[in-house]
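In what follows, a single structure is set out as structure tokens and then discussed.
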Amino acid sequence: MQAENQVFTDLSAATMADGAAAYGLINAAAIAVSEGKIAWVGAEQDLPADYAAWTRHSLGGRLVTPALIDCHTHVVHGGHRAVEFEMRLNGASYEEVARAGGGIISTVKATRAASVEDLIAQALPRVDAMLAEGVSLIEVKSGYGLDRKTELNMLRAARALEEHRPIRVVTSFLGAHAVPVEYKDRPEAYIADLCIPVLKEAHAEGLVDAVDAFCEGIAFLPDQLVPLFDAARDLGLPVKLHAEQLSNLGGAKLATSYGALSADHIEYLDQAGVAAMAGAGTVAVILPGAFYTLRETQAPPIDLLREAGVPMALATDSNPGSAPMTSLLLTMNMGCTLFRMTPEEALRGVTAHAAQALGLKDCGRIAAGQRADLAVWNAEHPAELAYRIGFNPLHARIFGGKL
């Protein structure tokens with residue numbers, strides 16, 4: 001349903017606003033919505049007379065939060081890697097899996113073989129699972145094409161998801177995800193000959209919101225990424241970076257030198273990297289799903305990030321290899337259980353800080369002027385969202401004011 005002017009009443013609003021109240025929580029609240037945006041939020045008893053005649057919808061005492069935001073996903077790709085997962089659990093080594101056609105190369109092969117329509121069709125079930133948990137906005141990366149045609153097709157498919165589902169999509173060009181076999185041992189040539197020209201073409205087509213890369217020994221070194229990030233800056237595009245996931249190569253420092261929106265994974269981030277992120281206002285995107293799947297033991301430096309005031313976001317990292325998950329609620333629980341984040345940090349990590357990690361200012365909080373993207377939960381307290389395991393308390397989703 002949608003009314004141009006409406007008021008949602010009888011709710012508890014976890015506004016995620018900064019202030020004295022945990023979660024920015026307002027009990028016995030009301031939210032006025034007009035033309036898809038929040039016009040007013042506060043205690044229902046304080047509802048201004050201007051809204052008295054607006055259509056009212058009681059939410060039955062339920063908890064309302066900003067709709068959730070998944071700020072790091074790879075949901076557009078071809079195929080799956082379940083067989084590789086089984087091989088590893090039966091004792092196969094990384095080399096043996098690779099020789100059998102597994103690893104990222106298998107996903108590249110399947111993605112290159114898929115049309116735009118195929119990629120959309122394969123992504124939609126993953127998107128539906130996210131919508132069912134109150135998500136309204138996802139970031140989608142390219143990076144499983146590693147050639148001109150497929151990188152562009154992945155971004156086109158990502159953009160088209162908005163035509164098929166009530167969701168917002170932000171795209172990141174991740175051409176520098178891995179070195180393709182065609183450029184084996186020539187990463188600099190791959191960046192110069194393919195990544196940068198395809199980035200420019202994708203930008204001209206309106207397909208790119210940010211530029212990402214994988215900075216790691218098995219991918220690209222910091223110096224190798226400088227030309228790509230220079231090209232992004234010349235195009236006026238913000239950057240982000242997969243950094244310090246498996247080792248500390250100083251990727252986060254490189255990213256912050258470009259004013260990066262986020263540095264993601266960061267399990268091996270050191271104190272100097274934390275300080276650089278704090279100084280640049282770069283968001284730390286924590287990805288417990290990959291940590292869990294890869295059975296890592298080096299946890300991200302949550303205490304250092306907290307002490308330095310670095311905003312922490314949480315995301316699924318939904319991808320076919322290291323994080324085949326679509327549940328942001330489970331991600332919140334993992335962030336708390338595996339990394340000792342608090343439930344409030346977890347909820348802020350999939351709302352306000354997730355929006356910040358994408359450079360967005362019109363979502364992630366319940367406040368006047370924000371988009372009316374909300375999640376209505378069968379819950380009494382916001383901590384319940386991170387507390388339960390494998391349980392979805394979503395009652396309804398409000399997207400652009402539509403219930």
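Ligands are numbered from 1 in the order shown, chains are lettered A, B, ... in the order of the structure tokens, and residues start at 1 in each chain.
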
As JSON, numbers by chain, which residues of segment 95-162 of chain A does DSSP assign to strand (DSSP E)?
{"A": [135, 136, 137, 138, 139, 140, 141]}

Would you save the residues of that selection, restricted to C-alpha atoms, as a compact mmCIF listing (two decimals), in the first residue's frame?
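Below you can see part.txt, which holds the result:
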```
# COMPACT_ATOMS: atom_id res chain seq x y z
CA VAL A 135 17.25 -5.42 2.96
CA SER A 136 16.47 -2.44 0.71
CA LEU A 137 19.89 -1.66 -0.77
CA ILE A 138 22.77 -3.81 -1.98
CA GLU A 139 26.17 -3.07 -3.45
CA VAL A 140 27.09 -5.39 -6.35
CA LYS A 141 30.59 -5.84 -7.71
```

Compile a residue-level contact table for segment 77-184 of chain A against segment 189-204 of chain A at a cut-off of 12 Å, reporting for every qualifying residue the shortest atom pair and its distance in Å to one decimal, with only C-alpha atoms counted, rows ordered by chain and ascending number, as a tab-separated table.
```
residue	atom	partner	partner_atom	distance
A:Ser142	CA	A:Leu199	CA	10.8
A:Gly143	CA	A:Cys195	CA	10.2
A:Gly145	CA	A:Cys195	CA	10.9
A:Leu146	CA	A:Cys195	CA	8.1
A:Asp147	CA	A:Leu194	CA	7.0
A:Arg148	CA	A:Val198	CA	5.8
A:Lys149	CA	A:Val198	CA	8.8
A:Thr150	CA	A:Val198	CA	10.2
A:Glu151	CA	A:Val198	CA	7.8
A:Leu152	CA	A:Ala202	CA	6.3
A:Asn153	CA	A:Ala202	CA	9.7
A:Met154	CA	A:Ala202	CA	10.5
A:Leu155	CA	A:Ala202	CA	8.0
A:Arg156	CA	A:Ala202	CA	9.1
A:Arg159	CA	A:Ala202	CA	11.7
A:Thr171	CA	A:Ala202	CA	10.7
A:Ser172	CA	A:Leu199	CA	10.1
A:Phe173	CA	A:Leu199	CA	6.9
A:Leu174	CA	A:Cys195	CA	8.7
A:Gly175	CA	A:Cys195	CA	5.6
A:Ala176	CA	A:Cys195	CA	6.7
A:His177	CA	A:Cys195	CA	10.0
A:Ala178	CA	A:Tyr190	CA	9.7
A:Val179	CA	A:Tyr190	CA	7.1
A:Pro180	CA	A:Tyr190	CA	8.2
A:Val181	CA	A:Tyr190	CA	10.3
A:Glu182	CA	A:Tyr190	CA	8.8
A:Tyr183	CA	A:Tyr190	CA	6.1
A:Lys184	CA	A:Tyr190	CA	9.0
```

Using N, CA and C atoms, can you export the residues from the last selection as a PDB file, in the first residue's frame?
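part_32.pdb written:
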```
ATOM      1  N   SER A 142      31.465  -6.191  -9.943  1.00  0.00           N
ATOM      2  CA  SER A 142      31.856  -7.041 -11.064  1.00  0.00           C
ATOM      3  C   SER A 142      33.062  -7.850 -10.588  1.00  0.00           C
ATOM      4  N   GLY A 143      33.880  -8.361 -11.498  1.00  0.00           N
ATOM      5  CA  GLY A 143      35.102  -9.011 -11.067  1.00  0.00           C
ATOM      6  C   GLY A 143      35.192 -10.493 -11.341  1.00  0.00           C
ATOM      7  N   GLY A 145      34.487 -11.550 -14.527  1.00  0.00           N
ATOM      8  CA  GLY A 145      34.610 -11.606 -15.978  1.00  0.00           C
ATOM      9  C   GLY A 145      36.064 -11.542 -16.383  1.00  0.00           C
ATOM     10  N   LEU A 146      36.756 -10.517 -15.851  1.00  0.00           N
ATOM     11  CA  LEU A 146      38.173 -10.308 -16.135  1.00  0.00           C
ATOM     12  C   LEU A 146      38.447 -10.168 -17.628  1.00  0.00           C
ATOM     13  N   ASP A 147      37.393  -9.804 -18.367  1.00  0.00           N
ATOM     14  CA  ASP A 147      37.542  -9.416 -19.768  1.00  0.00           C
ATOM     15  C   ASP A 147      36.521  -8.308 -20.033  1.00  0.00           C
ATOM     16  N   ARG A 148      36.642  -7.665 -21.168  1.00  0.00           N
ATOM     17  CA  ARG A 148      35.795  -6.507 -21.450  1.00  0.00           C
ATOM     18  C   ARG A 148      34.316  -6.857 -21.452  1.00  0.00           C
ATOM     19  N   LYS A 149      33.935  -7.852 -22.250  1.00  0.00           N
ATOM     20  CA  LYS A 149      32.521  -8.175 -22.438  1.00  0.00           C
ATOM     21  C   LYS A 149      31.852  -8.560 -21.127  1.00  0.00           C
ATOM     22  N   THR A 150      32.480  -9.440 -20.366  1.00  0.00           N
ATOM     23  CA  THR A 150      31.818  -9.971 -19.180  1.00  0.00           C
ATOM     24  C   THR A 150      31.783  -8.965 -18.036  1.00  0.00           C
ATOM     25  N   GLU A 151      32.842  -8.186 -17.878  1.00  0.00           N
ATOM     26  CA  GLU A 151      32.803  -7.156 -16.838  1.00  0.00           C
ATOM     27  C   GLU A 151      31.654  -6.174 -17.093  1.00  0.00           C
ATOM     28  N   LEU A 152      31.481  -5.774 -18.341  1.00  0.00           N
ATOM     29  CA  LEU A 152      30.379  -4.874 -18.678  1.00  0.00           C
ATOM     30  C   LEU A 152      29.036  -5.562 -18.476  1.00  0.00           C
ATOM     31  N   ASN A 153      28.940  -6.827 -18.868  1.00  0.00           N
ATOM     32  CA  ASN A 153      27.677  -7.552 -18.705  1.00  0.00           C
ATOM     33  C   ASN A 153      27.301  -7.720 -17.235  1.00  0.00           C
ATOM     34  N   MET A 154      28.286  -7.958 -16.385  1.00  0.00           N
ATOM     35  CA  MET A 154      27.995  -8.074 -14.956  1.00  0.00           C
ATOM     36  C   MET A 154      27.420  -6.773 -14.405  1.00  0.00           C
ATOM     37  N   LEU A 155      27.991  -5.660 -14.799  1.00  0.00           N
ATOM     38  CA  LEU A 155      27.498  -4.364 -14.322  1.00  0.00           C
ATOM     39  C   LEU A 155      26.120  -4.061 -14.900  1.00  0.00           C
ATOM     40  N   ARG A 156      25.886  -4.440 -16.157  1.00  0.00           N
ATOM     41  CA  ARG A 156      24.555  -4.249 -16.740  1.00  0.00           C
ATOM     42  C   ARG A 156      23.520  -5.093 -16.000  1.00  0.00           C
ATOM     43  N   ARG A 159      22.751  -3.451 -12.606  1.00  0.00           N
ATOM     44  CA  ARG A 159      21.852  -2.302 -12.758  1.00  0.00           C
ATOM     45  C   ARG A 159      20.406  -2.763 -12.998  1.00  0.00           C
ATOM     46  N   THR A 171      26.742  -0.041  -7.693  1.00  0.00           N
ATOM     47  CA  THR A 171      27.700  -0.916  -8.371  1.00  0.00           C
ATOM     48  C   THR A 171      29.146  -0.498  -8.115  1.00  0.00           C
ATOM     49  N   SER A 172      30.015  -1.509  -8.077  1.00  0.00           N
ATOM     50  CA  SER A 172      31.455  -1.270  -7.986  1.00  0.00           C
ATOM     51  C   SER A 172      32.161  -2.043  -9.090  1.00  0.00           C
ATOM     52  N   PHE A 173      33.039  -1.363  -9.798  1.00  0.00           N
ATOM     53  CA  PHE A 173      33.854  -2.016 -10.823  1.00  0.00           C
ATOM     54  C   PHE A 173      35.025  -2.700 -10.142  1.00  0.00           C
ATOM     55  N   LEU A 174      35.079  -4.034 -10.221  1.00  0.00           N
ATOM     56  CA  LEU A 174      36.118  -4.829  -9.570  1.00  0.00           C
ATOM     57  C   LEU A 174      36.911  -5.608 -10.616  1.00  0.00           C
ATOM     58  N   GLY A 175      37.272  -4.934 -11.690  1.00  0.00           N
ATOM     59  CA  GLY A 175      38.074  -5.606 -12.708  1.00  0.00           C
ATOM     60  C   GLY A 175      39.373  -6.136 -12.149  1.00  0.00           C
ATOM     61  N   ALA A 176      39.927  -5.443 -11.155  1.00  0.00           N
ATOM     62  CA  ALA A 176      41.174  -5.883 -10.518  1.00  0.00           C
ATOM     63  C   ALA A 176      40.868  -6.826  -9.355  1.00  0.00           C
ATOM     64  N   HIS A 177      40.161  -7.909  -9.678  1.00  0.00           N
ATOM     65  CA  HIS A 177      39.800  -8.921  -8.687  1.00  0.00           C
ATOM     66  C   HIS A 177      40.828 -10.057  -8.682  1.00  0.00           C
ATOM     67  N   ALA A 178      41.323 -10.375  -9.849  1.00  0.00           N
ATOM     68  CA  ALA A 178      42.334 -11.411 -10.017  1.00  0.00           C
ATOM     69  C   ALA A 178      42.995 -11.194 -11.368  1.00  0.00           C
ATOM     70  N   VAL A 179      44.154 -11.806 -11.549  1.00  0.00           N
ATOM     71  CA  VAL A 179      44.824 -11.735 -12.848  1.00  0.00           C
ATOM     72  C   VAL A 179      44.327 -12.911 -13.683  1.00  0.00           C
ATOM     73  N   PRO A 180      43.686 -12.649 -14.832  1.00  0.00           N
ATOM     74  CA  PRO A 180      43.166 -13.758 -15.645  1.00  0.00           C
ATOM     75  C   PRO A 180      44.297 -14.553 -16.273  1.00  0.00           C
ATOM     76  N   VAL A 181      43.968 -15.770 -16.710  1.00  0.00           N
ATOM     77  CA  VAL A 181      45.000 -16.644 -17.285  1.00  0.00           C
ATOM     78  C   VAL A 181      45.637 -16.014 -18.516  1.00  0.00           C
ATOM     79  N   GLU A 182      44.874 -15.178 -19.223  1.00  0.00           N
ATOM     80  CA  GLU A 182      45.422 -14.543 -20.427  1.00  0.00           C
ATOM     81  C   GLU A 182      46.573 -13.585 -20.093  1.00  0.00           C
ATOM     82  N   TYR A 183      46.620 -13.127 -18.839  1.00  0.00           N
ATOM     83  CA  TYR A 183      47.664 -12.192 -18.417  1.00  0.00           C
ATOM     84  C   TYR A 183      48.521 -12.777 -17.296  1.00  0.00           C
ATOM     85  N   LYS A 184      48.643 -14.077 -17.253  1.00  0.00           N
ATOM     86  CA  LYS A 184      49.405 -14.736 -16.193  1.00  0.00           C
ATOM     87  C   LYS A 184      50.792 -14.112 -16.035  1.00  0.00           C
TER      88      LYS A 184
END
```

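Shortest atom-to-atom contact with Ser262 of chain A among A:Thr326, A:Thr73, A:Gln356, A:Ser34: A:Gln356, counting only C-alpha atoms.
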
Report as a ChimeraX atom specification: the residues of segment 135-180 of chain A with a DSSP assignment of helix (DSSP H, G or I), based on the backbone of this structure.
/A:148-164

Just all heavy atoms for this one: save the residues we selected as a short mmCIF file (atom, residue, chain, number, x, y, z; two decimals), in the first residue's frame.
```cif
data_model
loop_
_atom_site.label_atom_id
_atom_site.label_comp_id
_atom_site.auth_asym_id
_atom_site.auth_seq_id
_atom_site.Cartn_x
_atom_site.Cartn_y
_atom_site.Cartn_z
N ARG A 148 36.64 -7.67 -21.17
CA ARG A 148 35.79 -6.51 -21.45
C ARG A 148 34.32 -6.86 -21.45
O ARG A 148 33.51 -6.25 -20.74
CB ARG A 148 36.19 -5.89 -22.80
CG ARG A 148 35.27 -4.76 -23.24
CD ARG A 148 35.58 -4.31 -24.67
NE ARG A 148 34.57 -3.36 -25.12
CZ ARG A 148 33.40 -3.73 -25.65
NH1 ARG A 148 33.11 -5.03 -25.79
NH2 ARG A 148 32.52 -2.82 -26.02
N LYS A 149 33.93 -7.85 -22.25
CA LYS A 149 32.52 -8.18 -22.44
C LYS A 149 31.85 -8.56 -21.13
O LYS A 149 30.77 -8.06 -20.79
CB LYS A 149 32.39 -9.32 -23.45
CG LYS A 149 30.96 -9.82 -23.62
CD LYS A 149 30.90 -11.02 -24.55
CE LYS A 149 29.49 -11.59 -24.64
NZ LYS A 149 29.45 -12.81 -25.48
N THR A 150 32.48 -9.44 -20.37
CA THR A 150 31.82 -9.97 -19.18
C THR A 150 31.78 -8.96 -18.04
O THR A 150 30.80 -8.90 -17.29
CB THR A 150 32.49 -11.28 -18.73
OG1 THR A 150 32.75 -12.10 -19.88
CG2 THR A 150 31.59 -12.05 -17.78
N GLU A 151 32.84 -8.19 -17.88
CA GLU A 151 32.80 -7.16 -16.84
C GLU A 151 31.65 -6.17 -17.09
O GLU A 151 30.92 -5.81 -16.17
CB GLU A 151 34.14 -6.41 -16.78
CG GLU A 151 35.28 -7.21 -16.19
CD GLU A 151 35.08 -7.54 -14.72
OE1 GLU A 151 34.80 -6.62 -13.94
OE2 GLU A 151 35.20 -8.72 -14.35
N LEU A 152 31.48 -5.77 -18.34
CA LEU A 152 30.38 -4.87 -18.68
C LEU A 152 29.04 -5.56 -18.48
O LEU A 152 28.08 -4.95 -17.95
CB LEU A 152 30.52 -4.39 -20.12
CG LEU A 152 31.71 -3.46 -20.40
CD1 LEU A 152 31.83 -3.20 -21.90
CD2 LEU A 152 31.58 -2.15 -19.63
N ASN A 153 28.94 -6.83 -18.87
CA ASN A 153 27.68 -7.55 -18.71
C ASN A 153 27.30 -7.72 -17.24
O ASN A 153 26.12 -7.65 -16.88
CB ASN A 153 27.75 -8.92 -19.39
CG ASN A 153 27.53 -8.84 -20.89
OD1 ASN A 153 27.16 -7.79 -21.41
ND2 ASN A 153 27.77 -9.93 -21.59
N MET A 154 28.29 -7.96 -16.38
CA MET A 154 27.99 -8.07 -14.96
C MET A 154 27.42 -6.77 -14.41
O MET A 154 26.45 -6.78 -13.63
CB MET A 154 29.27 -8.44 -14.18
CG MET A 154 29.78 -9.85 -14.40
SD MET A 154 31.19 -10.21 -13.33
CE MET A 154 30.37 -10.34 -11.73
N LEU A 155 27.99 -5.66 -14.80
CA LEU A 155 27.50 -4.36 -14.32
C LEU A 155 26.12 -4.06 -14.90
O LEU A 155 25.26 -3.50 -14.20
CB LEU A 155 28.50 -3.27 -14.70
CG LEU A 155 29.85 -3.35 -13.98
CD1 LEU A 155 30.86 -2.40 -14.62
CD2 LEU A 155 29.70 -3.05 -12.48
N ARG A 156 25.89 -4.44 -16.16
CA ARG A 156 24.56 -4.25 -16.74
C ARG A 156 23.52 -5.09 -16.00
O ARG A 156 22.40 -4.63 -15.74
CB ARG A 156 24.59 -4.61 -18.22
CG ARG A 156 25.37 -3.63 -19.08
CD ARG A 156 25.63 -4.18 -20.47
NE ARG A 156 26.45 -3.26 -21.28
CZ ARG A 156 27.35 -3.65 -22.16
NH1 ARG A 156 27.56 -4.96 -22.38
NH2 ARG A 156 28.06 -2.76 -22.84
N ALA A 157 23.88 -6.33 -15.67
CA ALA A 157 22.96 -7.19 -14.93
C ALA A 157 22.68 -6.62 -13.54
O ALA A 157 21.53 -6.64 -13.07
CB ALA A 157 23.55 -8.60 -14.82
N ALA A 158 23.71 -6.09 -12.91
CA ALA A 158 23.52 -5.50 -11.58
C ALA A 158 22.56 -4.32 -11.64
O ALA A 158 21.64 -4.20 -10.81
CB ALA A 158 24.88 -5.07 -11.01
N ARG A 159 22.75 -3.45 -12.61
CA ARG A 159 21.85 -2.30 -12.76
C ARG A 159 20.41 -2.76 -13.00
O ARG A 159 19.46 -2.17 -12.50
CB ARG A 159 22.31 -1.44 -13.92
CG ARG A 159 23.48 -0.53 -13.64
CD ARG A 159 23.04 0.71 -12.88
NE ARG A 159 24.07 1.75 -12.89
CZ ARG A 159 24.74 2.15 -11.83
NH1 ARG A 159 24.53 1.58 -10.65
NH2 ARG A 159 25.63 3.12 -11.92
N ALA A 160 20.25 -3.85 -13.76
CA ALA A 160 18.91 -4.31 -14.14
C ALA A 160 18.14 -4.94 -12.99
O ALA A 160 16.92 -5.10 -13.09
CB ALA A 160 19.02 -5.32 -15.29
N LEU A 161 18.81 -5.29 -11.91
CA LEU A 161 18.11 -5.90 -10.78
C LEU A 161 17.01 -4.98 -10.25
O LEU A 161 15.97 -5.45 -9.78
CB LEU A 161 19.10 -6.24 -9.66
CG LEU A 161 20.14 -7.32 -9.99
CD1 LEU A 161 21.12 -7.47 -8.83
CD2 LEU A 161 19.46 -8.64 -10.29
N GLU A 162 17.23 -3.67 -10.33
CA GLU A 162 16.22 -2.71 -9.86
C GLU A 162 14.95 -2.78 -10.69
O GLU A 162 13.88 -2.38 -10.21
CB GLU A 162 16.79 -1.30 -9.89
CG GLU A 162 17.88 -1.03 -8.86
CD GLU A 162 18.33 0.42 -8.87
OE1 GLU A 162 18.03 1.13 -9.87
OE2 GLU A 162 18.98 0.86 -7.91
N GLU A 163 15.05 -3.26 -11.92
CA GLU A 163 13.88 -3.38 -12.78
C GLU A 163 13.04 -4.60 -12.43
O GLU A 163 11.87 -4.68 -12.81
CB GLU A 163 14.32 -3.46 -14.25
CG GLU A 163 15.12 -2.25 -14.72
CD GLU A 163 15.74 -2.49 -16.09
OE1 GLU A 163 15.33 -3.47 -16.76
OE2 GLU A 163 16.62 -1.71 -16.48
N HIS A 164 13.62 -5.53 -11.72
CA HIS A 164 12.95 -6.79 -11.41
C HIS A 164 12.49 -6.90 -9.95
O HIS A 164 11.63 -7.73 -9.65
CB HIS A 164 13.88 -7.97 -11.72
CG HIS A 164 14.21 -8.10 -13.18
ND1 HIS A 164 13.47 -8.89 -14.05
CD2 HIS A 164 15.20 -7.53 -13.92
CE1 HIS A 164 14.00 -8.81 -15.25
NE2 HIS A 164 15.04 -8.00 -15.21
#
```

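When only C-alpha atoms are used to compute distances to Arg397 of chain A, the closest of the residues A:Ala367, A:Ala132, A:Leu314, A:Val75 turns out to be A:Ala132.
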
Can you pull out every residue within 8 Å of segment 122-124 of chain A, counting only C-alpha atoms, but drop anything in the same chain fewer than 3 positions away, and send it as a PyMOL selection string?
chain A and resi 75-78+118-119+127-128+161

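Using only C-alpha atoms, the contacts of His353 of chain A at a cut-off of 10 Å, with sequence neighbours closer than 2 positions omitted, comprise Met16, Ile69, Cys71, Val283, Ala284, Val285, Val310, Pro311, Met312, Ala313, Leu314, Glu345, Ala346, Leu347, Arg348, Gly349, Val350, Thr351, Ala355, Gln356, Ala357, Leu358, Gly359, Leu360, Gly364 and Arg365 of chain A.
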
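In this model, the gap between atom CA of Leu330 of chain A and atom CA of Asp270 of chain A comes to 26.9 Å.
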
Find the distance between atom CA of Gly36 of chain A and atom CA of Leu385 of chain A and write it in Å to one decimal.
25.3 Å

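Among the candidate residues A:Ile398, A:Ala219, A:Ala280, A:Ala232, the one lying nearest to Arg371 of chain A is A:Ile398, with distances computed using only C-alpha atoms.
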
Residue contacts of Leu374 of chain A (7 Å, only C-alpha atoms) excluding same-chain residues fewer than 6 positions away, as a short mmCIF file (atom, residue, chain, number, x, y, z; two decimals) with C-alpha atoms, in the first residue's frame:
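Writing the result to around.cif gives the following:
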```cif
data_model
loop_
_atom_site.label_atom_id
_atom_site.label_comp_id
_atom_site.auth_asym_id
_atom_site.auth_seq_id
_atom_site.Cartn_x
_atom_site.Cartn_y
_atom_site.Cartn_z
CA VAL A 64 11.04 -0.48 13.24
CA THR A 65 14.58 0.06 12.01
CA PRO A 66 16.04 1.54 8.88
CA ALA A 67 15.85 -1.07 6.13
CA ARG A 397 9.38 -4.05 4.58
CA ILE A 398 8.64 -0.44 3.68
CA PHE A 399 10.40 0.66 0.49
#
```

Residue contacts of segment 79-81 of chain A (6 Å, only C-alpha atoms) excluding same-chain residues fewer than 2 positions away, as a ChimeraX atom specification
/A:83-84,110,320

Residues as selected, N, CA, C and O atoms, written as a CSV table (one decimal), in the first residue's frame, can you do that?
```
chain,number,residue,atom,x,y,z
A,83,VAL,N,30.8,-28.2,-5.5
A,83,VAL,CA,31.6,-29.4,-5.7
A,83,VAL,C,33.0,-29.1,-5.1
A,83,VAL,O,33.7,-30.0,-4.5
A,84,GLU,N,33.6,-27.9,-5.4
A,84,GLU,CA,34.9,-27.5,-4.8
A,84,GLU,C,34.8,-27.5,-3.3
A,84,GLU,O,35.8,-28.0,-2.6
A,110,ALA,N,32.2,-19.8,-15.8
A,110,ALA,CA,30.8,-19.9,-15.8
A,110,ALA,C,30.2,-18.5,-16.1
A,110,ALA,O,29.1,-18.4,-16.8
A,320,PRO,N,30.4,-16.9,-4.6
A,320,PRO,CA,30.3,-18.3,-4.7
A,320,PRO,C,31.5,-19.1,-4.1
A,320,PRO,O,31.4,-20.3,-3.9
```

I'd like the neighbourhood of Arg295 of chain A as JSON, numbers by chain, where a residue qualifies if any of its atoms comes within 12 Å (using only C-alpha atoms), though same-chain residues fewer than 3 positions away should be ignored.
{"A": [89, 246, 288, 289, 290, 291, 292, 298, 299, 322, 323, 338]}

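Candidate residues A:Val274, A:Met334, A:Ala213, A:Leu328 were compared for distance to Gly309 of chain A, and the nearest is A:Val274, using only C-alpha atoms.
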
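Candidate residues A:Arg62, A:His72, A:His242, A:Arg88 were compared for distance to Leu294 of chain A, and the nearest is A:Arg88, using only C-alpha atoms.
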